[in-house]
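Below is one structure, written out as structure tokens; comments come after it.
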Amino acid sequence: MINILKSDFYKLKKGKAFWICIALCIAFAIFMVVAIQTGMNRAIANPTLDAENAQLIEMSKQASGVWALQYFLPMGFNIVFIGIFVAIFVSSEFTFGTMKNTLSRGADRIKVFFSKFTVCSCAALVMLIAFILAILASGTILWGFGTVTLSAMLNMVLLQALLIIAFTALFVFISMTMRSNGGAIATNIICVTMASTLLGALSMLFGGSIDLSQYWLSTSVSKLATLTPASGDVVSGIIIAICWAVGSILIGTILFKKQDVK
Amino acid sequence: MNYILQTNEVSKDFAGKLAVDHVSIKVKKGDIYGFIGENGAGKTTLMRMVCGLADPTGGEITLFDSKDLVSQRYKVGCTIENPALYPAMTAMENMETQRLLLGIKDKTVCAKLLDMAGLKGAGNKKAKNFSLGMKQRLMIALALLGDPEFLVLDEPTNGLDPVGIKEVRNFLQRLNKERGITILISSHILGELEKMATRYGVISNGKMVDEFQADELSSRCGKNLVIYTDDVSRAKEIIKSMFDDIKIEQTPEKSIHLKGHIEDAGCINKQLVKEGITVNALIPEGDKLEDYFLKLMGGYDND
């Protein structure tokens, strides 16, 4: 397992996808902060009565680095980049055929799956931290850091990290199963951007008695991207993250063990 | 340990179609086993099962006298189908990923193997800029990491120029002789295979058709008699009249090819001379591996 991990970390270090996705996470975070600042400035300079302007003016009153973090994290842009990175990192092994080199030398398939999951989780956490730091830094430069206790901040970051790991497990499962870069990238993006809406629509089809979107990871990401989450949301968020992660790993390893590798 | 690889009635089913149908082969220690078959015969599928890339739907595979294949596969180096490389990484980086995977401590081994595979000076070149021949060599170098005792090579000379083919052949023969590495190799270039294989297996439509030692080839191959004369047409008629069941062909090079009848060479010569035909040469010629393979596949009938 250690050798498989060493090899996978080496591939991570040498692969361009990881560094490009980190750079994009940082660039996107800075761009969004600057964009909203520009919007606020325009709204303050030309105060009209429309709702959007009023909202921007209201935002400008509470804007800070910490506020920006709580505002942008629920949007899940960083998760989109994580999804793209995992799809490229994992599916490439199948499109290039290099998975054959690993398996033909006696590497256990479960260990190979876990190694991919571990390396992708580490990469995803680095990307999450880069995204958070970029938002905090650019927000602090423009509006100041804001008021926050260390424990509240740590709590939020750790919950987001748990949800990101669950997302990564799902992305690894999808990429291992689809085995094509394009298909895996598209499916991972759909998971982040559209799954919530699709699950909501599905709930309506079945009478609307249960809102399936409440059990989706993105919903928990939104609910827990705050310094003062409801205790119920924290518990349900943790359970949802564990369930998705364990489910993805379990199904992923079973499928990977059974499938032929070309 | 007599056999490095044994497959016992191994089968592989793809959606109801048997790609490999109860195939049993035995690869002895020190063999260079030439695995022959037409496209889609099941060669690659069997090799993939040996390398752990596909599970057999029936039968049993034994590696190094052990049925615990996962534990034995570190002693097996494989190149299956197209070269499997990270295109954005250099040759050395590709080697390094595999070195780390195999837990090899010696960092110099990658450079040594690249040199050995004829890629000296190409270590810092990205794999995407390699020619197909260079990729094949890099794959062989990758397969050699960890000092494997058994190499499974699926068409390793595919895409190589004649010089490259010869170099790879010499390289594999050297590995076989000097390091005692057993090799299972498939190739469509039967002439090349004939120059190095010590044992052959022929597979067709998923079924094993034949398995024999290299020195048995001559006894299995048909013998022909090639006759060069000054009047080919007349000579052909005369020979036809001499034997009832004769297969005779006139070639564009103005010679006659007789299937068999080696033992009748003297008699044929005597009769032709008697009829006033000058016999320039009478040459016994054996079928090559390619001819034997085509015979097994029914290739002559198709012609």
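In the structure tokens, chains take letters A, B, ... by order of appearance, with residues numbered from 1 within each chain and ligands from 1 in the order shown.
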Compute the chain A side of the contact with chain B at 7 Å, counting only C-alpha atoms, and hand it back as a JSON list (two decimals) with N, CA and C atoms, in the first residue's frame.
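Done, and the output landed in selection33.json:
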[["chain", "number", "residue", "atom", "x", "y", "z"],
["A", 3, "ASN", "N", 3.88, 1.59, -1.14],
["A", 3, "ASN", "CA", 4.51, 1.78, -2.45],
["A", 3, "ASN", "C", 3.52, 2.34, -3.46],
["A", 4, "ILE", "N", 2.28, 1.86, -3.41],
["A", 4, "ILE", "CA", 1.26, 2.37, -4.34],
["A", 4, "ILE", "C", 1.03, 3.86, -4.05],
["A", 6, "LYS", "N", 3.15, 5.95, -2.64],
["A", 6, "LYS", "CA", 4.34, 6.72, -3.04],
["A", 6, "LYS", "C", 4.28, 7.01, -4.54],
["A", 7, "SER", "N", 3.94, 5.97, -5.29],
["A", 7, "SER", "CA", 3.86, 6.12, -6.74],
["A", 7, "SER", "C", 2.77, 7.12, -7.13],
["A", 10, "TYR", "N", 3.76, 10.64, -6.34],
["A", 10, "TYR", "CA", 4.74, 11.10, -7.34],
["A", 10, "TYR", "C", 4.02, 11.58, -8.60],
["A", 11, "LYS", "N", 3.00, 10.79, -9.02],
["A", 11, "LYS", "CA", 2.22, 11.17, -10.20],
["A", 11, "LYS", "C", 1.49, 12.49, -9.95],
["A", 96, "PHE", "N", -4.84, 6.19, -20.68],
["A", 96, "PHE", "CA", -3.44, 5.95, -21.11],
["A", 96, "PHE", "C", -3.08, 4.47, -21.00],
["A", 97, "GLY", "N", -3.88, 3.72, -20.28],
["A", 97, "GLY", "CA", -3.61, 2.28, -20.11],
["A", 97, "GLY", "C", -2.62, 1.98, -19.01],
["A", 98, "THR", "N", -2.22, 3.01, -18.25],
["A", 98, "THR", "CA", -1.17, 2.81, -17.24],
["A", 98, "THR", "C", -1.65, 2.00, -16.03],
["A", 100, "LYS", "N", -2.79, -0.78, -16.25],
["A", 100, "LYS", "CA", -2.29, -2.13, -16.53],
["A", 100, "LYS", "C", -0.92, -2.34, -15.89],
["A", 103, "LEU", "N", -1.55, -2.96, -12.07],
["A", 103, "LEU", "CA", -2.21, -4.22, -11.70],
["A", 103, "LEU", "C", -1.42, -5.44, -12.12],
["A", 104, "SER", "N", -0.71, -5.34, -13.25],
["A", 104, "SER", "CA", 0.01, -6.52, -13.73],
["A", 104, "SER", "C", 1.20, -6.86, -12.83],
["A", 105, "ARG", "N", 1.61, -5.93, -11.97],
["A", 105, "ARG", "CA", 2.72, -6.23, -11.05],
["A", 105, "ARG", "C", 2.22, -6.69, -9.68],
["A", 106, "GLY", "N", 0.97, -7.09, -9.64],
["A", 106, "GLY", "CA", 0.45, -7.71, -8.42],
["A", 106, "GLY", "C", -0.13, -6.76, -7.40],
["A", 260, "ASP", "N", -12.79, -5.90, -15.79],
["A", 260, "ASP", "CA", -11.55, -6.13, -16.53],
["A", 260, "ASP", "C", -10.92, -4.79, -16.86],
["A", 261, "VAL", "N", -9.60, -4.78, -16.93],
["A", 261, "VAL", "CA", -8.89, -3.53, -17.27],
["A", 261, "VAL", "C", -8.28, -3.67, -18.65]]
Q: Would you return as a ChimeraX atom specification the members of range 47-153 of chain B that DSSP assigns to helix (DSSP H, G or I) on this structure's backbone?
A: /B:47-50,69-75,91-102,109-116,127-129,132-144
Q: Quote the spacing between CA of Leu151 in chain B and CA of Ile183 in chain B in Å to one decimal place.
A: 4.7 Å
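Ranking A:Gly182, A:Gly65, A:Gly146, A:Gly237 by their shortest atom-to-atom distance to Leu163 in chain A, with only C-alpha atoms included, puts A:Gly237 first.
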**Q.** Residue nearest Lys17 in chain B - candidates B:Thr57, B:Ile268, B:Ile227, B:Leu160, atoms counted: only C-alpha atoms
**A.** B:Thr57
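Closest approach to Glu155 in chain B among B:Met134, B:Ala265, B:Ile246, B:Leu190: B:Leu190, based on only C-alpha atoms.
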Q: Rank B:Val273, B:Ile203, B:Leu296, B:Leu5 by their smallest atom-to-atom distance to Gly42 in chain B, using only C-alpha atoms, and report the top residue only.
A: B:Ile203
Q. Could you name the residues that touch range 204-210 of chain B at 6 Å or less, counting only C-alpha atoms, but leaving out those on the same chain fewer than 5 positions away, as a VMD selection string?
A. chain B and resid 19 to 21 23 37 41 to 42
